[in-house]
>>> print(open('structure.txt').read())   # compact mmCIF, C-alpha atoms
# COMPACT_ATOMS: atom_id res chain seq x y z
CA MET A 277 0.00 0.00 0.00
CA ALA A 278 1.30 3.45 -0.83
CA SER A 279 2.52 5.32 2.23
CA ALA A 280 0.09 7.93 3.54
CA ALA A 281 1.14 11.38 4.69
CA VAL A 282 1.00 11.65 8.48
CA VAL A 283 0.26 14.46 10.88
CA ASP A 284 3.31 15.63 12.85
CA ALA A 285 1.43 15.33 16.13
CA GLY A 286 0.83 11.58 15.82
CA ASP A 287 0.37 8.51 13.69
CA ALA A 288 -3.11 9.29 12.30
CA PRO A 289 -3.05 9.87 8.52
CA GLU A 290 -3.63 13.45 7.43
CA PRO A 291 -7.38 14.20 6.93
CA THR A 292 -6.86 15.56 3.39
CA VAL A 293 -6.17 14.29 -0.16
CA GLN A 294 -2.68 15.85 -0.22
CA ASN A 295 -1.20 12.32 -0.27
CA LEU A 296 -2.75 11.76 -3.74
CA LEU A 297 -1.13 14.94 -5.08
CA ASP A 298 2.23 14.00 -3.56
CA GLN A 299 2.21 10.48 -5.07
CA ASP A 300 3.62 11.43 -8.48
CA THR A 301 3.72 7.79 -9.68
CA LEU A 302 -0.11 7.57 -9.71
CA LYS A 303 -1.53 6.75 -13.14
CA TRP A 304 -5.11 5.62 -12.35
CA VAL A 305 -7.41 7.11 -9.68
CA PHE A 306 -10.86 5.54 -9.22
CA VAL A 307 -13.57 7.45 -7.37
CA GLY A 308 -16.54 5.35 -6.27
CA GLY A 309 -19.29 4.75 -3.70
CA LYS A 310 -23.03 4.56 -3.22
CA GLY A 311 -25.32 6.53 -5.58
CA GLY A 312 -26.03 10.14 -4.61
CA VAL A 313 -23.06 10.74 -2.29
CA GLY A 314 -21.27 13.26 -4.55
CA LYS A 315 -18.81 11.07 -6.48
CA THR A 316 -18.86 13.28 -9.58
CA THR A 317 -18.18 16.47 -7.59
CA CYS A 318 -15.30 14.73 -5.79
CA SER A 319 -13.79 13.22 -8.96
CA SER A 320 -14.10 16.60 -10.73
CA ILE A 321 -12.33 18.41 -7.87
CA LEU A 322 -9.64 15.71 -7.61
CA SER A 323 -8.94 16.10 -11.34
CA VAL A 324 -8.77 19.92 -10.93
CA LEU A 325 -6.29 19.52 -8.04
CA LEU A 326 -4.21 16.94 -9.93
CA ALA A 327 -4.10 19.28 -12.96
CA SER A 328 -2.25 21.79 -10.75
CA VAL A 329 0.60 19.34 -10.08
CA ARG A 330 0.62 16.96 -13.09
CA GLN A 331 1.38 17.51 -16.77
CA SER A 332 -1.92 16.24 -18.19
CA VAL A 333 -5.07 14.86 -16.55
CA LEU A 334 -8.07 13.02 -18.03
CA VAL A 335 -11.29 12.56 -16.04
CA ILE A 336 -13.62 9.86 -17.40
CA SER A 337 -17.24 9.20 -16.42
CA THR A 338 -18.21 5.52 -16.67
CA ASP A 339 -21.58 6.24 -15.03
CA PRO A 340 -24.53 6.00 -17.49
CA ALA A 341 -26.09 8.98 -15.65
CA HIS A 342 -23.16 11.20 -16.84
CA ASN A 343 -22.92 14.16 -14.49
CA LEU A 344 -19.46 15.43 -15.50
CA SER A 345 -21.05 17.79 -18.03
CA ASP A 346 -23.25 19.19 -15.22
CA ALA A 347 -20.34 19.53 -12.78
CA PHE A 348 -18.17 21.49 -15.23
CA GLN A 349 -21.17 23.07 -17.01
CA GLN A 350 -19.71 22.00 -20.35
CA ARG A 351 -20.82 19.33 -22.83
CA PHE A 352 -18.55 16.26 -23.01
CA THR A 353 -18.64 13.30 -25.41
CA LYS A 354 -16.98 9.87 -25.75
CA PHE A 355 -13.82 11.66 -26.96
CA PRO A 356 -11.52 13.63 -24.61
CA THR A 357 -12.43 17.34 -24.59
CA LEU A 358 -10.35 20.13 -23.04
CA VAL A 359 -12.12 21.59 -19.99
CA ARG A 360 -12.69 25.35 -20.34
CA GLY A 361 -10.26 27.38 -18.25
CA PHE A 362 -7.54 24.69 -18.34
CA THR A 363 -4.67 23.79 -20.66
CA ASN A 364 -4.01 20.28 -19.29
CA LEU A 365 -7.36 18.94 -18.01
CA TYR A 366 -9.56 16.83 -20.32
CA ALA A 367 -12.91 15.11 -19.75
CA MET A 368 -14.89 12.38 -21.53
CA GLU A 369 -18.10 10.43 -20.88
CA ILE A 370 -18.38 6.84 -22.06
CA ASP A 371 -21.42 4.56 -22.21
CA PRO A 372 -20.77 1.11 -20.74
CA LYS A 373 -22.43 -0.51 -23.76
CA VAL A 374 -21.16 -1.51 -27.19
CA GLU A 375 -22.43 1.13 -29.59
CA ASN A 376 -23.77 0.24 -33.04
CA ASP A 377 -21.27 2.42 -34.89
CA ASP A 378 -18.47 0.45 -33.20
CA LEU A 379 -19.70 -2.69 -34.93
CA SER A 380 -18.59 -3.30 -38.49
CA ASN A 381 -21.91 -4.67 -39.85
CA GLU A 382 -25.29 -6.20 -39.10
CA GLY A 383 -24.00 -9.77 -39.15
CA MET A 384 -21.35 -8.99 -36.55
CA GLU A 385 -23.90 -7.03 -34.51
CA GLY A 386 -26.24 -10.04 -34.34
CA PHE A 387 -23.37 -12.30 -33.38
CA LEU A 388 -22.32 -9.86 -30.62
CA SER A 389 -25.88 -9.66 -29.41
CA GLU A 390 -25.98 -13.44 -28.95
CA LEU A 391 -22.67 -13.30 -27.11
CA THR A 392 -23.78 -10.50 -24.75
CA ASN A 393 -26.97 -12.42 -23.93
CA ALA A 394 -24.91 -15.52 -23.12
CA ILE A 395 -22.45 -13.68 -20.84
CA PRO A 396 -23.84 -10.78 -18.77
CA GLY A 397 -21.41 -7.86 -18.70
CA VAL A 398 -19.38 -8.83 -21.75
CA ASP A 399 -20.67 -5.77 -23.68
CA GLU A 400 -19.50 -3.47 -20.87
CA ALA A 401 -16.16 -5.28 -20.72
CA MET A 402 -15.63 -4.83 -24.47
CA SER A 403 -16.62 -1.17 -24.32
CA PHE A 404 -14.24 -0.62 -21.40
CA ALA A 405 -11.40 -2.36 -23.27
CA GLU A 406 -11.98 -0.17 -26.35
CA MET A 407 -11.89 2.92 -24.12
CA LEU A 408 -8.68 1.78 -22.39
CA LYS A 409 -7.02 1.19 -25.77
CA LEU A 410 -7.95 4.77 -26.74
CA VAL A 411 -6.70 6.22 -23.43
CA GLN A 412 -3.40 4.33 -23.58
CA THR A 413 -2.56 5.82 -26.98
CA MET A 414 -3.01 9.36 -25.57
CA ASP A 415 -0.46 9.11 -22.77
CA TYR A 416 -2.06 11.22 -19.99
CA SER A 417 -0.04 11.65 -16.77
CA VAL A 418 -3.00 10.53 -14.67
CA VAL A 419 -6.54 9.27 -15.41
CA VAL A 420 -9.41 9.83 -12.93
CA PHE A 421 -12.45 7.52 -13.21
CA ASP A 422 -15.80 8.86 -12.03
CA THR A 423 -17.40 5.43 -11.64
CA ALA A 424 -21.04 4.32 -11.52
CA PRO A 425 -22.58 3.30 -8.16
CA THR A 426 -20.81 0.51 -6.26
CA GLY A 427 -22.36 -2.54 -7.98
CA HIS A 428 -21.27 -1.32 -11.44
CA THR A 429 -17.79 -0.48 -10.13
CA LEU A 430 -17.31 -4.01 -8.81
CA ARG A 431 -18.40 -5.39 -12.21
CA LEU A 432 -15.79 -3.17 -13.86
CA LEU A 433 -13.10 -4.84 -11.73
CA GLN A 434 -14.30 -8.26 -12.90
CA PHE A 435 -13.92 -7.43 -16.63
CA PRO A 436 -10.81 -9.61 -17.27
CA ALA A 437 -12.72 -12.67 -15.98
CA THR A 438 -15.81 -11.64 -18.00
CA LEU A 439 -13.80 -11.42 -21.23
CA GLU A 440 -12.20 -14.78 -20.45
CA LYS A 441 -15.73 -16.26 -20.36
CA GLY A 442 -16.50 -14.45 -23.63
CA LEU A 443 -13.52 -16.08 -25.34
CA GLU A 444 -14.50 -19.52 -24.04
CA LYS A 445 -18.05 -19.03 -25.32
CA MET A 446 -16.72 -17.86 -28.70
CA MET A 447 -14.52 -20.95 -29.00
CA GLU A 448 -17.48 -23.15 -28.08
CA LEU A 449 -19.70 -21.44 -30.71
CA LYS A 450 -16.95 -21.71 -33.32
CA ASN A 451 -16.41 -25.40 -32.64
CA ARG A 452 -20.14 -26.17 -32.73
CA PHE A 453 -21.39 -23.87 -35.48
CA GLY A 454 -18.29 -22.49 -37.25
CA GLY A 455 -18.78 -24.32 -40.57
CA LEU A 456 -22.54 -23.83 -40.46
CA LEU A 457 -22.15 -20.07 -39.91
CA ASN A 458 -19.82 -19.74 -42.89
CA GLN A 459 -22.18 -21.76 -45.14
CA ALA A 460 -25.21 -19.71 -43.99
CA SER A 461 -23.42 -16.41 -44.54
CA ARG A 462 -22.49 -17.41 -48.12
CA LEU A 463 -25.98 -18.76 -48.77
CA PHE A 464 -27.62 -15.45 -47.76
CA GLY A 465 -25.05 -13.40 -49.65
CA LEU A 466 -23.37 -12.02 -46.53
CA GLY A 467 -19.91 -12.99 -47.75
CA ASP A 468 -17.42 -12.87 -44.90
CA GLU A 469 -19.48 -10.53 -42.76
CA ILE A 470 -19.74 -13.04 -39.91
CA ASN A 471 -16.05 -13.73 -39.51
CA GLU A 472 -15.64 -15.55 -36.20
CA ASP A 473 -11.85 -15.48 -36.50
CA ALA A 474 -11.91 -11.66 -36.70
CA MET A 475 -14.29 -11.61 -33.75
CA LEU A 476 -12.03 -13.92 -31.75
CA GLY A 477 -9.07 -11.71 -32.60
CA ARG A 478 -10.95 -8.66 -31.40
CA LEU A 479 -11.89 -10.31 -28.10
CA GLU A 480 -8.32 -11.60 -27.64
CA GLY A 481 -6.97 -8.08 -28.23
CA MET A 482 -9.38 -6.62 -25.71
CA LYS A 483 -8.52 -9.30 -23.17
CA ASP A 484 -4.81 -8.51 -23.59
CA VAL A 485 -5.45 -4.79 -23.04
CA ILE A 486 -7.55 -5.40 -19.93
CA GLU A 487 -5.05 -7.90 -18.48
CA GLN A 488 -2.20 -5.46 -19.06
CA VAL A 489 -4.13 -2.62 -17.41
CA ASN A 490 -5.30 -4.96 -14.65
CA LYS A 491 -1.67 -5.53 -13.65
CA GLN A 492 -1.30 -1.75 -13.34
CA PHE A 493 -4.55 -1.56 -11.32
CA LYS A 494 -3.03 -3.97 -8.77
CA ASP A 495 0.12 -1.87 -8.38
CA PRO A 496 -0.36 0.56 -5.43
CA ASP A 497 2.29 2.89 -6.88
CA LEU A 498 0.18 3.32 -10.04
CA THR A 499 -3.43 2.93 -8.86
CA THR A 500 -5.62 3.91 -5.93
CA PHE A 501 -9.34 3.91 -5.19
CA VAL A 502 -10.98 6.84 -3.39
CA CYS A 503 -14.19 5.88 -1.57
CA VAL A 504 -16.82 8.63 -1.31
CA CYS A 505 -19.60 8.31 1.26
CA ILE A 506 -21.94 10.24 3.55
CA PRO A 507 -22.20 9.81 7.35
CA GLU A 508 -25.21 7.45 7.34
CA PHE A 509 -25.61 3.73 8.05
CA LEU A 510 -26.25 2.52 4.47
CA SER A 511 -23.29 4.47 3.13
CA LEU A 512 -21.02 3.12 5.89
CA TYR A 513 -22.18 -0.43 5.06
CA GLU A 514 -21.65 0.11 1.32
CA THR A 515 -18.16 1.55 1.90
CA GLU A 516 -17.21 -1.44 4.04
CA ARG A 517 -18.40 -3.79 1.27
CA LEU A 518 -16.47 -1.79 -1.35
CA VAL A 519 -13.23 -1.74 0.71
CA GLN A 520 -13.46 -5.53 1.22
CA GLU A 521 -14.05 -6.13 -2.51
CA LEU A 522 -11.12 -3.87 -3.41
CA ALA A 523 -8.88 -5.85 -1.05
CA LYS A 524 -10.09 -9.07 -2.74
CA PHE A 525 -9.12 -7.63 -6.16
CA GLU A 526 -5.79 -6.40 -4.67
CA ILE A 527 -6.59 -2.78 -5.49
CA ASP A 528 -5.09 -0.17 -3.16
CA SER A 529 -7.41 2.13 -1.24
CA HIS A 530 -6.34 4.52 1.51
CA ASN A 531 -8.57 7.58 1.05
CA ILE A 532 -12.16 8.04 2.22
CA ILE A 533 -14.09 11.27 1.57
CA ILE A 534 -17.07 11.79 3.90
CA ASN A 535 -19.32 14.26 2.09
CA GLN A 536 -22.35 16.30 3.22
CA VAL A 537 -21.20 16.65 6.85
CA ILE A 538 -23.33 19.11 8.87
CA PHE A 539 -21.16 21.30 11.08
CA ASP A 540 -22.56 23.04 14.16
CA GLU A 541 -22.42 26.62 12.90
CA GLU A 542 -26.01 27.92 13.00
CA PRO A 543 -26.17 30.55 15.76
CA VAL A 544 -29.82 29.71 16.48
CA GLU A 545 -29.99 25.99 17.20
CA SER A 546 -32.52 23.76 15.46
CA LYS A 547 -33.75 20.50 17.04
CA LEU A 548 -33.67 18.79 13.64
CA LEU A 549 -30.11 19.94 12.84
CA LYS A 550 -28.95 19.03 16.34
CA ALA A 551 -30.37 15.49 15.93
CA ARG A 552 -28.76 15.11 12.47
CA ILE A 553 -25.37 16.33 13.72
CA LYS A 554 -25.51 13.81 16.59
CA MET A 555 -26.47 10.98 14.21
CA GLN A 556 -23.75 11.91 11.71
CA GLN A 557 -21.10 12.10 14.45
CA LYS A 558 -21.93 8.52 15.49
CA TYR A 559 -21.14 7.26 11.96
CA ILE A 560 -18.10 9.55 11.54
CA ASP A 561 -16.68 7.98 14.75
CA GLN A 562 -17.32 4.51 13.27
CA PHE A 563 -15.51 5.46 10.04
CA HIS A 564 -12.48 6.58 12.08
CA MET A 565 -12.60 3.38 14.14
CA LEU A 566 -12.88 1.06 11.11
CA TYR A 567 -10.39 2.93 8.88
CA ASP A 568 -7.82 4.32 11.31
CA ASP A 569 -5.06 3.87 8.69
CA PHE A 570 -6.99 5.77 5.95
CA ASN A 571 -6.81 9.45 5.03
CA ILE A 572 -10.37 10.50 5.96
CA THR A 573 -11.46 13.88 4.56
CA LYS A 574 -14.68 15.51 5.82
CA LEU A 575 -16.53 17.90 3.50
CA PRO A 576 -19.27 20.29 4.65
CA LEU A 577 -22.88 20.15 3.44
CA LEU A 578 -23.48 23.34 1.44
CA SER A 579 -26.65 25.33 0.91
CA GLU A 580 -26.06 25.26 -2.87
CA GLU A 581 -24.80 22.84 -5.53
CA VAL A 582 -21.16 22.85 -6.60
CA CYS A 583 -21.43 23.51 -10.35
CA GLY A 584 -18.98 25.18 -12.73
CA VAL A 585 -15.19 25.46 -12.69
CA GLN A 586 -15.14 28.43 -10.28
CA ALA A 587 -17.38 26.68 -7.73
CA LEU A 588 -15.28 23.48 -8.01
CA GLN A 589 -12.07 25.45 -7.45
CA ASN A 590 -13.58 27.30 -4.47
CA PHE A 591 -14.74 24.05 -2.85
CA SER A 592 -11.41 22.29 -3.57
CA GLY A 593 -9.81 24.10 -0.61
CA HIS A 594 -11.70 21.77 1.77
CA PHE A 595 -9.92 18.78 0.19
CA LEU A 596 -6.53 20.14 1.29
CA THR A 597 -7.37 21.97 4.54
CA PRO A 598 -9.68 20.30 7.11
CA TYR A 599 -12.94 22.24 7.39
CA LYS A 600 -13.57 23.92 10.75
CA SER A 601 -16.74 25.61 11.91
CA ALA A 602 -16.29 29.35 12.39
CA LEU A 603 -18.77 29.27 15.28
CA LYS A 604 -17.55 28.55 18.84
CA ARG A 605 -20.33 27.78 21.29
CA GLY A 606 -20.33 29.58 24.66
CA THR A 607 -18.17 32.53 23.59
CA VAL A 608 -19.25 36.17 24.02
CA GLU A 609 -19.18 36.62 20.22
CA GLU A 610 -21.44 33.58 19.65
CA LEU A 611 -23.96 34.73 22.28
CA GLU A 612 -23.99 38.31 20.92
CA GLN A 613 -24.56 36.96 17.40
CA ARG A 614 -27.41 34.73 18.63
CA VAL A 615 -29.09 37.65 20.51
CA SER A 616 -28.76 39.88 17.42
CA ILE A 617 -30.37 37.24 15.16
CA LEU A 618 -33.19 36.59 17.64
CA LYS A 619 -33.89 40.35 17.97
CA SER A 620 -34.01 40.69 14.18
CA ALA A 621 -36.35 37.66 13.90
CA LEU A 622 -38.59 39.13 16.63
CA GLN A 623 -38.84 42.47 14.80
CA GLU A 624 -39.77 40.70 11.55
CA ALA A 625 -42.43 38.63 13.35
CA GLU A 626 -43.90 41.75 15.03
CA SER A 627 -44.05 43.60 11.67
CA GLU A 628 -45.78 40.62 10.05
CA LEU A 629 -48.26 40.40 12.95
CA ASP A 630 -49.11 44.12 12.52
CA ARG A 631 -49.70 43.60 8.77
CA VAL A 632 -52.01 40.62 9.40
CA LYS A 633 -53.98 42.55 12.08
CA LYS A 634 -54.41 45.58 9.78
CA GLY A 635 -55.51 43.29 6.95
CA LYS A 636 -58.20 41.72 9.14
CA GLN A 637 -59.46 45.15 10.31
CA ALA A 638 -59.66 46.38 6.71
CA ALA A 639 -61.69 43.29 5.78
>>> encode(input="structure.txt", output="structure tokens")
Amino acid sequence: MASAAVVDAGDAPEPTVQNLLDQDTLKWVFVGGKGGVGKTTCSSILSVLLASVRQSVLVISTDPAHNLSDAFQQRFTKFPTLVRGFTNLYAMEIDPKVENDDLSNEGMEGFLSELTNAIPGVDEAMSFAEMLKLVQTMDYSVVVFDTAPTGHTLRLLQFPATLEKGLEKMMELKNRFGGLLNQASRLFGLGDEINEDAMLGRLEGMKDVIEQVNKQFKDPDLTTFVCVCIPEFLSLYETERLVQELAKFEIDSHNIIINQVIFDEEPVESKLLKARIKMQQKYIDQFHMLYDDFNITKLPLLSEEVCGVQALQNFSGHFLTPYKSALKRGTVEELEQRVSILKSALQEAESELDRVKKGKQAA
């Protein structure tokens, strides 16, 4: 496992993502977790931060919901596009399905369709392999993956095994129906459209690419997985499952980002907020207990969405400097602020009451 930066005061890893920026050997950074926890915002900000220290960065969305375009407020396609405001940050959104224009003809398409029905996930595996071949030819310093929710991410890690099954199925089909397929294709005037040898070659090539990249994925100097979560039970459970699966696949993970944390900074206390803060703290303590050797970064819940390059850059500061509430309970300043807010609220309520009374009298 790559060594984590440590705080001078003790052995606890630093609660920031600085260790990812310092690890200049990193080639692949995966960002994953449960749906709706803010993975796209985190992967976008990580790519922005990496662009400040690396020569060229590519951020790829493998989530069918594609939110990268929303995060950067710029349209992205299946080809790398330069992000506005940067000279070395690129983004692309890929669909985890084999697209029709990637298939050479109808005969091949039908054959692929049969194959994908026989082996669930083989279409995603092939699409992923095609994308990796494209990425490898471009030579980016580091590639950030904004992955789909946890279940899809775990499938992505199983792609080499999935393609292995695809090849076995292809060999079985070739042995059983190879001659028949060739005769049928000639009979219906398809010529060599259904060429199982070409198809086998394509699958073999993809398998080689994925196996080569898979070796890199298992190298902690080259690859790491950043788990994004929120301080709630289901997210804690999902993160634990993800960390265990990553360990099974021998993929390094030593960063957890806890997003949407409510900090106690409202001068006038709310029973609801107080209850939520208490609940969140219980799960934050559990995260620290379970992952005491991880860099755990806490991000505040904001009153607005983080959209656009400027907003991403503004929020990125919390990834490098632990967020601290500006409010200190029990101080003279805090009490004066609370009294001032309550006085103002009282004046507003009195004015509204006067308006309502006058309205009733007029009626």
>>> residues_near_point(input="structure.txt", point="(-17.9, 5.0, -14.9)", cutoff="6 Å", atoms="all atoms listed in the file", output="MDAnalysis selection string")
chainID A and resid 337:339 422:424
>>> closest_residue(input="structure.txt", among="A:Val359, A:Leu334, A:Val582, A:Val307", to="Asp415 (chain A)", atoms="all atoms listed in the file")
A:Leu334
>>> closest_residue(input="structure.txt", among="A:Arg631, A:Arg360, A:Arg330, A:Lys550", to="Gln299 (chain A)", atoms="all atoms listed in the file")
A:Arg330
>>> atom_distance(input="structure.txt", atom1="CA of Glu487 (chain A)", atom2="CA of Leu518 (chain A)")
21.5 Å
>>> atom_distance(input="structure.txt", atom1="CA of Ser323 (chain A)", atom2="CA of Val335 (chain A)")
6.3 Å
>>> closest_residue(input="structure.txt", among="A:Leu296, A:Leu577, A:Cys583, A:Ala602", to="Ile538 (chain A)", atoms="all atoms listed in the file")
A:Leu577
>>> atom_distance(input="structure.txt", atom1="CA of Thr363 (chain A)", atom2="CA of Ala587 (chain A)")
18.4 Å
>>> closest_residue(input="structure.txt", among="A:Thr413, A:Thr573, A:Ser332, A:Gln492", to="Asn295 (chain A)", atoms="only C-alpha atoms")
A:Thr573
>>> residues_near_point(input="structure.txt", point="(-15.1, 7.5, -5.5)", cutoff="10 Å", atoms="all atoms listed in the file", output="compact mmCIF listing (two decimals) with C-alpha atoms, keeping the file's coordinate frame")
# COMPACT_ATOMS: atom_id res chain seq x y z
CA VAL A 305 -7.41 7.11 -9.68
CA PHE A 306 -10.86 5.54 -9.22
CA VAL A 307 -13.57 7.45 -7.37
CA GLY A 308 -16.54 5.35 -6.27
CA GLY A 309 -19.29 4.75 -3.70
CA LYS A 310 -23.03 4.56 -3.22
CA VAL A 313 -23.06 10.74 -2.29
CA GLY A 314 -21.27 13.26 -4.55
CA LYS A 315 -18.81 11.07 -6.48
CA THR A 316 -18.86 13.28 -9.58
CA THR A 317 -18.18 16.47 -7.59
CA CYS A 318 -15.30 14.73 -5.79
CA SER A 319 -13.79 13.22 -8.96
CA VAL A 420 -9.41 9.83 -12.93
CA PHE A 421 -12.45 7.52 -13.21
CA ASP A 422 -15.80 8.86 -12.03
CA THR A 423 -17.40 5.43 -11.64
CA ALA A 424 -21.04 4.32 -11.52
CA PRO A 425 -22.58 3.30 -8.16
CA THR A 426 -20.81 0.51 -6.26
CA THR A 429 -17.79 -0.48 -10.13
CA PHE A 501 -9.34 3.91 -5.19
CA VAL A 502 -10.98 6.84 -3.39
CA CYS A 503 -14.19 5.88 -1.57
CA VAL A 504 -16.82 8.63 -1.31
CA CYS A 505 -19.60 8.31 1.26
CA THR A 515 -18.16 1.55 1.90
CA ASN A 531 -8.57 7.58 1.05
CA ILE A 532 -12.16 8.04 2.22
CA ILE A 533 -14.09 11.27 1.57
>>> closest_residue(input="structure.txt", among="A:Glu444, A:Asp497, A:Glu626, A:Glu541", to="Glu480 (chain A)", atoms="all atoms listed in the file")
A:Glu444
>>> residues_around(input="structure.txt", residues="Trp304 (chain A)", least_positions_apart="2", cutoff="8 Å", atoms="all atoms listed in the file", output="list in words")
Leu302, Phe306, Val418, Val419, Val420, Phe421, Phe493, Leu498, Thr499 and Thr500 of chain A
>>> closest_residue(input="structure.txt", among="A:Pro289, A:Ser529, A:Val537, A:His594", to="Leu549 (chain A)", atoms="all atoms listed in the file")
A:Val537
>>> residues_around(input="structure.txt", residues="His564 (chain A)", least_positions_apart="5", cutoff="12 Å", atoms="only C-alpha atoms", output="number ranges by chain")
A: 288-289, 291, 507, 512, 531-534, 557-559, 569-574
>>> build_atoms(input="structure.txt", residues="region 532-543 of chain A", atoms="N, CA, C and O atoms", output="JSON list (two decimals), in the frame of the given file")
[["chain", "number", "residue", "atom", "x", "y", "z"],
["A", 532, "ILE", "N", -10.69, 8.01, 2.12],
["A", 532, "ILE", "CA", -12.16, 8.04, 2.22],
["A", 532, "ILE", "C", -12.57, 9.51, 2.33],
["A", 532, "ILE", "O", -11.99, 10.26, 3.11],
["A", 533, "ILE", "N", -13.54, 9.91, 1.49],
["A", 533, "ILE", "CA", -14.09, 11.27, 1.57],
["A", 533, "ILE", "C", -15.50, 11.16, 2.14],
["A", 533, "ILE", "O", -16.36, 10.49, 1.55],
["A", 534, "ILE", "N", -15.72, 11.77, 3.30],
["A", 534, "ILE", "CA", -17.07, 11.79, 3.90],
["A", 534, "ILE", "C", -17.69, 13.12, 3.50],
["A", 534, "ILE", "O", -17.26, 14.19, 3.96],
["A", 535, "ASN", "N", -18.69, 13.06, 2.65],
["A", 535, "ASN", "CA", -19.32, 14.26, 2.09],
["A", 535, "ASN", "C", -20.60, 14.60, 2.85],
["A", 535, "ASN", "O", -21.14, 13.79, 3.59],
["A", 536, "GLN", "N", -21.07, 15.83, 2.66],
["A", 536, "GLN", "CA", -22.35, 16.30, 3.22],
["A", 536, "GLN", "C", -22.38, 16.27, 4.75],
["A", 536, "GLN", "O", -23.41, 15.93, 5.36],
["A", 537, "VAL", "N", -21.25, 16.60, 5.38],
["A", 537, "VAL", "CA", -21.20, 16.65, 6.85],
["A", 537, "VAL", "C", -21.80, 17.98, 7.33],
["A", 537, "VAL", "O", -21.45, 19.04, 6.83],
["A", 538, "ILE", "N", -22.73, 17.90, 8.31],
["A", 538, "ILE", "CA", -23.33, 19.11, 8.87],
["A", 538, "ILE", "C", -22.48, 19.55, 10.06],
["A", 538, "ILE", "O", -22.29, 18.79, 11.01],
["A", 539, "PHE", "N", -21.95, 20.75, 9.98],
["A", 539, "PHE", "CA", -21.16, 21.30, 11.08],
["A", 539, "PHE", "C", -22.04, 22.21, 11.93],
["A", 539, "PHE", "O", -22.96, 22.87, 11.42],
["A", 540, "ASP", "N", -21.76, 22.23, 13.23],
["A", 540, "ASP", "CA", -22.56, 23.04, 14.16],
["A", 540, "ASP", "C", -22.15, 24.50, 14.03],
["A", 540, "ASP", "O", -21.27, 24.98, 14.73],
["A", 541, "GLU", "N", -22.80, 25.22, 13.09],
["A", 541, "GLU", "CA", -22.42, 26.62, 12.90],
["A", 541, "GLU", "C", -23.62, 27.54, 12.69],
["A", 541, "GLU", "O", -23.49, 28.67, 12.25],
["A", 542, "GLU", "N", -24.83, 27.06, 13.05],
["A", 542, "GLU", "CA", -26.01, 27.92, 13.00],
["A", 542, "GLU", "C", -26.16, 28.57, 14.38],
["A", 542, "GLU", "O", -26.32, 27.86, 15.38],
["A", 543, "PRO", "N", -26.08, 29.89, 14.45],
["A", 543, "PRO", "CA", -26.17, 30.55, 15.76],
["A", 543, "PRO", "C", -27.43, 30.17, 16.54],
["A", 543, "PRO", "O", -27.39, 29.91, 17.72]]
